[in-house]
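A.B. asks: Quick one: this structure, given as C-alpha cells, is what I'll be asking you about.
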2 protein chains.
Amino acid sequence: MEALGLDRIVSRQPADPAIGTHRRVVIENVAPEIDEGRVEAKRVVGETVVVEADIFCDGHDALSAVVWRRSGGGDWSAQPMALTVDDRWRGVFEVIELGPYFFTIEAWVDRFGTWRNGVDKKIQAGTAQEVDLVVGAELAAAAAARAERGDARSLGAIAALLADSDASWPRRVMAALSSEFAELSDRYPDRSASVTYRRELPVHVDRLRARYGSWYEMFPRSTSPDPDRAGTLADATARLDYVAAMNFDVVYLPPVHPIGHTKRKGRNGSVTAADGDVGSPWAIGDETGGHKAIHPELGTEADFIEFVERAHELRIDVAIDLAFQCSPDHPWITEHPDWFHARPDGTLQFAENPPKRYEDIYPLDFESADSERLWLELCSVVDCWIERGVTIFRVDNPHTKSFAFWQWLIRETQRSHPEIIFLAEAFTRPSIMHKLAKIGFTQSYTYFTWRYQKWEIEQYFTELCRSPSREYFRPNVWPNTPDITSEYLQYNGRAGFMIRIVLATTLAANYGIYGPVFELGIAAAREPGLEEYADSEKYEVRHWNLDECEEIREVITRLNHIRRAHPALQQDWTLTFHEAQNDQIVAYSKTNADRSDVILCVVNVDPTNRHEAMIGLDLDALGLSGDRPFVLRDLIGGGRYVWNGPWNYVELDPVAFPAHVFAVDQPD
Amino acid sequence: MEALGLDRIVSRQPADPAIGTHRRVVIENVAPEIDEGRVEAKRVVGETVVVEADIFCDGHDALSAVVWRRSGGGDWSAQPMALTVDDRWRGVFEVIELGPYFFTIEAWVDRFGTWRNGVDKKIQAGTAQEVDLVVGAELAAAAAARAERGDARSLGAIAALLADSDASWPRRVMAALSSEFAELSDRYPDRSASVTYRRELPVHVDRLRARYGSWYEMFPRSTSPDPDRAGTLADATARLDYVAAMNFDVVYLPPVHPIGHTKRKGRNGSVTAADGDVGSPWAIGDETGGHKAIHPELGTEADFIEFVERAHELRIDVAIDLAFQCSPDHPWITEHPDWFHARPDGTLQFAENPPKRYEDIYPLDFESADSERLWLELCSVVDCWIERGVTIFRVDNPHTKSFAFWQWLIRETQRSHPEIIFLAEAFTRPSIMHKLAKIGFTQSYTYFTWRYQKWEIEQYFTELCRSPSREYFRPNVWPNTPDITSEYLQYNGRAGFMIRIVLATTLAANYGIYGPVFELGIAAAREPGLEEYADSEKYEVRHWNLDECEEIREVITRLNHIRRAHPALQQDWTLTFHEAQNDQIVAYSKTNADRSDVILCVVNVDPTNRHEAMIGLDLDALGLSGDRPFVLRDLIGGGRYVWNGPWNYVELDPVAFPAHVFAVDQPD
C-alpha cells in the first residue's frame, strides 16, 4: 500500500508550548460545544444558551470570565460568567434572531479580586500591613489609567488615599474594602494576559415550529369526497378544515409530482402494474415533468398555491416530501444521464439492495463528474417549492445520499430562508441518524415507532431529552407512517392507538401521524410479520369514511389542544420520569422554564389489562413542596384529585382510557 | 469593556462545505483521542494501542479502513481495521520505542467489496446478469492498473474471463467469487476518494516503571545509626539494603539541598526556630547554593552519586523532589530578584495563603519579564540531577506553578531523556489534577489517601481505572506522606495499617509509602483534627528503631513480592469490582491481558470488627467457566480454597488479618 498522503491531514500535533508564556488561565470542557465547534447547537427564537466551562489557573488567584456572543450579522457583546462549583463557570445569553449565532469565552486572572480577598482576610486576622494597602493603591492607579474620565477620577482618589500613610488606618481600610472600589475595578479589569477560548462556537436559531408542532400526513389523491374519482389538490384544500379542527400545526404531503410509467409498481407493491394502477408517488417524474412539476391529475400550480394559502389561513405550515430519486421517465434521465450511475452495457443502474430490485426508481449519483450542476439543480427544486409557500421539507431517506450534499443544501437554503425546516426521514443506525442531525437537519425521525415497553420508553426518551445529543438532535416521533404499521398497532386495537397517541403527544414536542388511517384505527398489514399496510395508499387511491373515526379523532383533537394550551409540552428538555411501581405503568412530567406550567402523565402501556401502581414523584422536578397538598386535573378524563407528598395511587383500565394527562397545581 | 480581540481566536466556524465534493466517508469519535489530539495517550513499551472509530458513509456501500501509525522518528505504516458492531471499527498496534508515536485513520468506499457482496447475493437468488460480471471485469482491470507486475497479470486474467461472454457462466461466477480475486483486490484498493482523519493523534510511550512501581520515601538525615548525629547520604546508602529487602522499586528522597536560615521553621512547624533546629528541606537554598547544591551536612555530590549507584545495583530507581521555591537565602534571591514577586516597598513577596504566611519560602514569578531565563535555569536543574543518575522527579505542588511551564519543561526533558518520569504531587480540585496529567506528568498523586469506605473506594477506582481519563491520568497512591497522617491511620492501629497497605498494593500498580513511620505503625498527629505528624521529620532529625517494625514490614515485603510475581498487579486497566454482600467488605480482581494471571482480593475495611459476606464473582472478568470448580491460594495467609460458581462465602477478622489476596487458578 502506498504511503499515507500526509497532505490530507488538516491538523498536526500542535507545536511545543513556547518558552516563557504568561497566559496562565485554562478554559476547557466548554458546553455547548459539539464536535469541536463544527456542529451548531440548535435553539429557537427566545430561548437561552447556557454556556458552561471549566476555567482555572495555577495557584490561588481569583479569576474573572465573560461570554462573548454575536448574531450572524451583529457585533460582539459580553456578559459576565459566574463560578458554580469547583472550577465550573456559567453564563447565559438569549437568542432573538433567526439564523446563526456565535459565542466564545474570555477569562483572566483577577488581580484586584485576588488582592481584595487577601486583604480582607488579613484585616480580619489583624495581620494587614502598610505594603498591602500600597499594593491596592497600585491596582487602583492602574485601573484609573484604563478608566473613563469620571471613574478615573474616583479611582485616582482611592489610589491616593490607600498610598497615603498619613491618612487614618481605618479610613484607608474602609476604602480598600469598599464596594465602590470593587465595582470600579470590575468595570476596568486588566485583561492584558487574558485568555480567549480557541474558537467561536456556533448556534443555529430556528423558529418555534422547529421545536414544537403537531404534524398530519395525508395523500391528496385519497381526499376525494366522490368514491368514483381520485382526489385532487382542490379536495385536499377542502380537507384542511378537518385537519385544522384536530388542532394540527403542520400538514405534510407525500410527493405531488408526476409518476413514472415504466416499471410502475402495482397495488400492494406488485412489480407489475395493472391497467389504471396509479403508481407510487415516490417514483418521481414522467414526460410532463420532474421534481418541480405537479401531477396533472392532482391539479395545477395554482391549485397547489391555493392549498398553501388556505393552510396558512388556518395557521398550518405546509410540508412536502423531498425525495431525490427519479422514475425511468424523469426528464433528467435523458437530459442528464451523467447524473446517474452508468453500467458498462450503457444502461443506468436502478435502485437495488441485492437481491432486491427497485426498477421503478433510479438513484442519483452524488459522485458524478457533473455533481456541481446536479447539486445546483436540486437546490433549485427546494427554491421552487419555497416560492410556492412550502416552509418545511420532509426529506426521504437522506442517509442514502451524500452527507456533504445535505450540509451544503441546508446551509444554502437557510442562508436566504432561515425559517425553512428540514426533517430527516432516516430510520437507520444511530451514528448515521446523529450525523444527519449534526450536518443541519432541523428535526429527525426516531425509533419511537418501535419503543413499546416501559423500560425502553424511559431509556430512549432519557437519551433524547437529557443527553448532550439534545443540543443538535430534535426528535419528531411518529406512531405510524405510510411505510410502517407497527405490530403494536396491528395487534392491540383501540387501546393500542390510544396509548400510542398519548405517548407521542406528551413525550415529544414534535410528533406526527399518518392519517386518516390512524384516526380510523386501521393498522392491518399486507402479510403477518410485515409492517407494510394492506392496500396501501402508496400504490392506490383510497376513499376513507371519516365518519368512522370519531373516537380516536376526539382524543387527538383534545391532545393537540392540550399541547397548544400547555407550554410544558412544547419543549423536550424538562422531561422527567418518575417512579411507578408497576412494569406496565410509565409516569413522566414536563414543565416550562419557570415551572408555572406542570404536566404529569401516567400511562398504562399494557393495552389489555387494568394496572395499578404507587407513583413516587420527584417533587423537586415538579416544583412542588413536600409539605402541602397539590391538585391534579385530568385534562382528558376530567377528574380532579388532591395528592399529598411523593407517593400516590393510580389505576388505569385500558377499556376506559389507558392514561391520565394531569395539569398539576399547588394552591398558594 | 473594549471589543473582543478577535485575533486571539485560533479557529473559526469552518467554511461551508464545498459544492460537489465526492468524499463520502465519515470518521468520527476516534479513541484514544484526548482534547482534540492536544493531549497524548500514555502507554509503556510493549503495550498496544487499541484504536476505535465510528466509520460510515451514506447508502449501503462496503467500507475499508486502516490505522496509520509511526514512531516519532519512524515511517508511516498501515494496519487494517475491522468492523465490530454498528459502525464501530477497531484496529490495534503495538508501541515498542520510548517517546512519541502518532496514528491516524484512513477509510474509503470499498467498490470491490460492495460489488462482490451484491453479486454473491444475486447469484444465490439466481438474478445475476451479464452486466454484473462486466462490472466486475472493470473493477479487476482497474485493480490491475494499480497492481505490481505479477498481481497485475493475475487481475488482468480475471478481468478477461469476467468480460468474456463466450466463457461458461459457472466458470465466470467462480472467478467473480474467488478468494484470489478478493485478496488481489484488497491488496490494491481504490483509495482515490479515501478520507483521512483530520489529525495525527499522539501517544507518549514511557518505560515500564511509569505504569508499575513500589515507592519508598525516606529522609536521609534520619538514617543515622548513631542517635547522637544526623544521618548523611552515606547512611542513606547503607539503608538501601533495608529498602531493597522490602522489594521496593523506587526510593524517593525529599530535597537534599541546603536549607535557608532566615525565618527558618522550628520543630513541629513553629515559626521561630530554636538553636540547632535543622529547618524544612523544602525551604531550599542558602549561601552555599540552591537547587543544584547538596546540603553540606548530608555530604557531597560524590556521596549522592554513590547513593544512586548502590540503588541501581539493587535495581532501585532514585526519585528526588523538585520543589521550585526558594528560601530567603537562596542565591537566586540576590542574583535574580526579578524572578520573584516584587512589592511596592521593594521587598519580595513571601508565600502566603491569607491569612497564613510562609515567610521561609518565596515563590517564583512565572509571569516575570525574565521568565525565559528563569525557565531555562529550572530546566538546567532537572538536567543536573539527571546527570547524577536521577531518573524520577516527584514534583512538589506543581499546581501552584504555570501549566505552560511544566508542559514545556517535561517536553524539553523527555526529548533527550524519554526515560525520565515526573510525578505530580497535587492534592487539589479534579480539573487541575487532570490538567497536570494532560500536560505531560507521567503519574499523579490521588485522593486514595482519604478514600476509606467501600463505596468510595469502588467509585474512585472505577473512575481511575475504567473511565476515559485512564488514557492520560496514571494514579500513584499513598496511604501516608510526610504531610499527611490520615485519620484512618491515626485511629485504627495495626489493622488500619494492614488494610491500607493491602488496598494500596493491590488496587494500584503504582503506590508508595513514607517510611519508616509507616512500617513502624506510627501515625500520631501534632494535634487532634490535624493530618500533620507529631514531631515531623520535616522539621527535625529523627532516629528510628527499625527493630520495632517487624510485623508491618513483613506484610509490605510480602505484598511487594506478590506484585513482582504477578503481572496482573502491574497494571490498572483490568480492575473489576465484584459483589460482596456486606458494606464493609470490598472484593476486586485484576488480571493480565490474556488472563493467565488472576488476582482476587477481598478486604474487610472495618479495622475493628470481624465481617462475613457472600461474594458474587463476575466469572467472565476472571476468565472462569461457571461449571467447574476453581482454586484460590491465599498469597498472604497461605490457605487454599476450592470455590464453585459465582457465590462463595468469606469471613475476615482484622485481629488475624483483614484481607485475602488470592491467586486464582482453574485446573484444566
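Chain labels follow the order of the C-alpha cells: the first chain is A, the next B, and so on; residue numbering restarts at 1 in every chain, and ligands are counted from 1 in their shown order.
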For chain B, report every residue with an atom at most 6 Å from chain A (counting only C-alpha atoms), formatted as an NGL selection string.
C.D. replies: :B and (9-12 or 17 or 19-20 or 22 or 58-59 or 118 or 121-122 or 198-200 or 354-355 or 367 or 371-372 or 399-402 or 408)
A.B. asks: What's the 10 Å shell around A:Thr428, counting only C-alpha atoms, without same-chain residues fewer than 5 positions away, as a count of residues only?
C.D. replies: 7
A.B. asks: List as a PyMOL selection string the protein and nucleic acid residues near stretch 627-638 of chain B, meaning an atom at most 7 Å away when only C-alpha atoms are counted, but skip any in the same chain fewer than 6 places from it.
C.D. replies: chain B and resi 644-645+660-667
A.B. asks: Would you kindly return, as a VMD selection string, each protein, DNA or RNA residue with an atom no farther than 10 Å from any atom of stretch 230-245 of chain B, considering only C-alpha atoms and excluding same-chain residues fewer than 6 positions away?
C.D. replies: chain B and resid 215 to 224 251 253 256 278 294 to 311 314 to 316 515 to 516 540 to 543 546 553 to 554 557 560 to 561
A.B. asks: Using DSSP on the backbone coordinates, identify all residues within stretch 67-143 of chain A classified as helix (DSSP H, G or I); present the result as a list of chain:residue names.
C.D. replies: A:Arg111, A:Phe112, A:Gly113, A:Thr114, A:Trp115, A:Arg116, A:Asn117, A:Gly118, A:Val119, A:Asp120, A:Lys121, A:Lys122, A:Ile123, A:Gln124, A:Ala125, A:Glu130, A:Val131, A:Asp132, A:Leu133, A:Val134, A:Val135, A:Gly136, A:Ala137, A:Glu138, A:Leu139, A:Ala140, A:Ala141, A:Ala142, A:Ala143
A.B. asks: Given the selection you just returned, output its residues as a file containing N, CA and C atoms, formatted as a PDB file, in the first residue's frame.
C.D. replies:
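Once everything was written out, this is out_37.pdb:
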```pdb
ATOM      1  N   ARG A 111      -6.574  40.342  39.260  1.00  0.00           N
ATOM      2  CA  ARG A 111      -5.582  40.786  40.249  1.00  0.00           C
ATOM      3  C   ARG A 111      -6.247  41.564  41.382  1.00  0.00           C
ATOM      4  N   PHE A 112      -7.244  42.356  41.033  1.00  0.00           N
ATOM      5  CA  PHE A 112      -7.934  43.105  42.080  1.00  0.00           C
ATOM      6  C   PHE A 112      -8.642  42.158  43.053  1.00  0.00           C
ATOM      7  N   GLY A 113      -9.403  41.200  42.486  1.00  0.00           N
ATOM      8  CA  GLY A 113     -10.138  40.270  43.335  1.00  0.00           C
ATOM      9  C   GLY A 113      -9.210  39.460  44.233  1.00  0.00           C
ATOM     10  N   THR A 114      -8.083  39.035  43.672  1.00  0.00           N
ATOM     11  CA  THR A 114      -7.109  38.281  44.456  1.00  0.00           C
ATOM     12  C   THR A 114      -6.605  39.129  45.632  1.00  0.00           C
ATOM     13  N   TRP A 115      -6.262  40.377  45.302  1.00  0.00           N
ATOM     14  CA  TRP A 115      -5.753  41.278  46.343  1.00  0.00           C
ATOM     15  C   TRP A 115      -6.814  41.547  47.406  1.00  0.00           C
ATOM     16  N   ARG A 116      -8.025  41.809  46.955  1.00  0.00           N
ATOM     17  CA  ARG A 116      -9.084  42.167  47.903  1.00  0.00           C
ATOM     18  C   ARG A 116      -9.393  41.008  48.849  1.00  0.00           C
ATOM     19  N   ASN A 117      -9.495  39.776  48.295  1.00  0.00           N
ATOM     20  CA  ASN A 117      -9.729  38.600  49.147  1.00  0.00           C
ATOM     21  C   ASN A 117      -8.661  38.507  50.227  1.00  0.00           C
ATOM     22  N   GLY A 118      -7.401  38.688  49.790  1.00  0.00           N
ATOM     23  CA  GLY A 118      -6.287  38.553  50.729  1.00  0.00           C
ATOM     24  C   GLY A 118      -6.318  39.631  51.799  1.00  0.00           C
ATOM     25  N   VAL A 119      -6.525  40.862  51.360  1.00  0.00           N
ATOM     26  CA  VAL A 119      -6.525  41.967  52.315  1.00  0.00           C
ATOM     27  C   VAL A 119      -7.685  41.823  53.301  1.00  0.00           C
ATOM     28  N   ASP A 120      -8.819  41.383  52.803  1.00  0.00           N
ATOM     29  CA  ASP A 120      -9.976  41.174  53.658  1.00  0.00           C
ATOM     30  C   ASP A 120      -9.624  40.194  54.782  1.00  0.00           C
ATOM     31  N   LYS A 121      -9.025  39.065  54.398  1.00  0.00           N
ATOM     32  CA  LYS A 121      -8.675  38.053  55.405  1.00  0.00           C
ATOM     33  C   LYS A 121      -7.610  38.583  56.364  1.00  0.00           C
ATOM     34  N   LYS A 122      -6.638  39.289  55.809  1.00  0.00           N
ATOM     35  CA  LYS A 122      -5.557  39.797  56.670  1.00  0.00           C
ATOM     36  C   LYS A 122      -6.096  40.834  57.662  1.00  0.00           C
ATOM     37  N   ILE A 123      -7.005  41.671  57.188  1.00  0.00           N
ATOM     38  CA  ILE A 123      -7.552  42.691  58.082  1.00  0.00           C
ATOM     39  C   ILE A 123      -8.346  42.024  59.201  1.00  0.00           C
ATOM     40  N   GLN A 124      -9.115  40.997  58.840  1.00  0.00           N
ATOM     41  CA  GLN A 124      -9.859  40.280  59.873  1.00  0.00           C
ATOM     42  C   GLN A 124      -8.931  39.584  60.849  1.00  0.00           C
ATOM     43  N   ALA A 125      -7.774  39.093  60.335  1.00  0.00           N
ATOM     44  CA  ALA A 125      -6.828  38.414  61.210  1.00  0.00           C
ATOM     45  C   ALA A 125      -5.891  39.404  61.897  1.00  0.00           C
ATOM     46  N   GLU A 130       1.168  47.880  55.984  1.00  0.00           N
ATOM     47  CA  GLU A 130       1.243  49.055  55.124  1.00  0.00           C
ATOM     48  C   GLU A 130       1.359  48.651  53.643  1.00  0.00           C
ATOM     49  N   VAL A 131       2.257  47.707  53.379  1.00  0.00           N
ATOM     50  CA  VAL A 131       2.526  47.361  51.976  1.00  0.00           C
ATOM     51  C   VAL A 131       1.287  46.788  51.288  1.00  0.00           C
ATOM     52  N   ASP A 132       0.423  46.136  52.064  1.00  0.00           N
ATOM     53  CA  ASP A 132      -0.791  45.577  51.449  1.00  0.00           C
ATOM     54  C   ASP A 132      -1.665  46.687  50.860  1.00  0.00           C
ATOM     55  N   LEU A 133      -1.767  47.800  51.600  1.00  0.00           N
ATOM     56  CA  LEU A 133      -2.582  48.899  51.079  1.00  0.00           C
ATOM     57  C   LEU A 133      -1.883  49.594  49.913  1.00  0.00           C
ATOM     58  N   VAL A 134      -0.571  49.629  49.946  1.00  0.00           N
ATOM     59  CA  VAL A 134       0.164  50.249  48.836  1.00  0.00           C
ATOM     60  C   VAL A 134      -0.008  49.421  47.546  1.00  0.00           C
ATOM     61  N   VAL A 135      -0.043  48.114  47.707  1.00  0.00           N
ATOM     62  CA  VAL A 135      -0.335  47.275  46.536  1.00  0.00           C
ATOM     63  C   VAL A 135      -1.711  47.647  45.982  1.00  0.00           C
ATOM     64  N   GLY A 136      -2.676  47.842  46.896  1.00  0.00           N
ATOM     65  CA  GLY A 136      -4.017  48.248  46.458  1.00  0.00           C
ATOM     66  C   GLY A 136      -3.993  49.580  45.745  1.00  0.00           C
ATOM     67  N   ALA A 137      -3.163  50.497  46.227  1.00  0.00           N
ATOM     68  CA  ALA A 137      -3.045  51.797  45.569  1.00  0.00           C
ATOM     69  C   ALA A 137      -2.542  51.638  44.134  1.00  0.00           C
ATOM     70  N   GLU A 138      -1.585  50.748  43.950  1.00  0.00           N
ATOM     71  CA  GLU A 138      -1.074  50.497  42.590  1.00  0.00           C
ATOM     72  C   GLU A 138      -2.161  49.937  41.683  1.00  0.00           C
ATOM     73  N   LEU A 139      -2.963  49.028  42.244  1.00  0.00           N
ATOM     74  CA  LEU A 139      -4.053  48.445  41.447  1.00  0.00           C
ATOM     75  C   LEU A 139      -5.075  49.521  41.079  1.00  0.00           C
ATOM     76  N   ALA A 140      -5.362  50.411  42.035  1.00  0.00           N
ATOM     77  CA  ALA A 140      -6.329  51.479  41.766  1.00  0.00           C
ATOM     78  C   ALA A 140      -5.793  52.431  40.693  1.00  0.00           C
ATOM     79  N   ALA A 141      -4.510  52.752  40.788  1.00  0.00           N
ATOM     80  CA  ALA A 141      -3.921  53.654  39.799  1.00  0.00           C
ATOM     81  C   ALA A 141      -3.939  53.013  38.410  1.00  0.00           C
ATOM     82  N   ALA A 142      -3.647  51.703  38.351  1.00  0.00           N
ATOM     83  CA  ALA A 142      -3.645  51.011  37.054  1.00  0.00           C
ATOM     84  C   ALA A 142      -5.053  50.990  36.467  1.00  0.00           C
ATOM     85  N   ALA A 143      -6.060  50.739  37.309  1.00  0.00           N
ATOM     86  CA  ALA A 143      -7.445  50.746  36.826  1.00  0.00           C
ATOM     87  C   ALA A 143      -7.830  52.141  36.362  1.00  0.00           C
TER      88      ALA A 143
END
```
A.B. asks: As a list in words, list the residues of stretch 355-516 of chain B assigned to strand (DSSP E) by DSSP on the backbone atoms of this structure.
C.D. replies: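 In stretch 355-516 of chain B, DSSP puts these residues in strand (DSSP E): Lys356, Arg357, Tyr358, Tyr362, Pro363, Ile392, Phe393, Arg394, Val395, Asp396, Ile421, Phe422, Leu423, Ala424, Glu425, Gln443, Ser444, Tyr445, Pro475, Asn476, Asn510, Tyr511, Gly512, Ile513 and Tyr514 of chain B.
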A.B. asks: Which is closer to A:Gln581 than all the others in A:Ala157, A:Leu569, A:Val650, A:Val66, using only C-alpha atoms?
C.D. replies: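 Between A:Ala157, A:Leu569, A:Val650, A:Val66, the residue approaching A:Gln581 most closely is A:Val650.
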A.B. asks: As a list in words, please: the residues near A:Phe393 (cut-off 6 Å, only C-alpha atoms, same-chain neighbours under 5 positions excluded).
C.D. replies: Ala319, Ile320, Asp321 and Phe422 of chain A
A.B. asks: Take atom CA of A:Val602 and atom CA of A:Val502 and report the distance between them in Å, one decimal.
C.D. replies: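 Separating atom CA of A:Val602 from atom CA of A:Val502 is a distance of 9.7 Å.
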A.B. asks: One number please: atom CA of A:Leu617 to atom CA of A:Asn582, in Å, one decimal.
C.D. replies: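 Distance reported for this atom pair: 14.0 Å.
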A.B. asks: Would you pick out the contacts of B:Gly521 at 8 Å or less, using only C-alpha atoms, so that residues sharing its chain but fewer than 6 positions from it are not included, and give the list as number ranges by chain?
C.D. replies: B: 493-494, 497, 549, 552
A.B. asks: Restrict the selected residues to N, CA, C and O atoms and save them as a short mmCIF file (atom, residue, chain, number, x, y, z; two decimals), in the first residue's frame.
C.D. replies:
```cif
data_model
loop_
_atom_site.label_atom_id
_atom_site.label_comp_id
_atom_site.auth_asym_id
_atom_site.auth_seq_id
_atom_site.Cartn_x
_atom_site.Cartn_y
_atom_site.Cartn_z
N GLY B 493 -4.98 1.83 64.49
CA GLY B 493 -3.95 0.89 64.94
C GLY B 493 -3.42 -0.03 63.85
O GLY B 493 -3.51 0.28 62.66
N ARG B 494 -2.91 -1.16 64.29
CA ARG B 494 -2.28 -2.14 63.40
C ARG B 494 -3.19 -2.53 62.23
O ARG B 494 -2.78 -2.56 61.08
N PHE B 497 -3.34 -0.01 59.45
CA PHE B 497 -2.17 -0.05 58.55
C PHE B 497 -2.25 -1.23 57.59
O PHE B 497 -1.94 -1.10 56.40
N CYS B 549 9.56 -2.65 63.80
CA CYS B 549 8.57 -2.61 62.72
C CYS B 549 8.41 -3.95 62.02
O CYS B 549 7.91 -4.01 60.90
N ILE B 552 4.57 -5.18 60.32
CA ILE B 552 4.10 -4.48 59.13
C ILE B 552 5.13 -4.62 58.00
O ILE B 552 4.77 -4.80 56.83
#
```
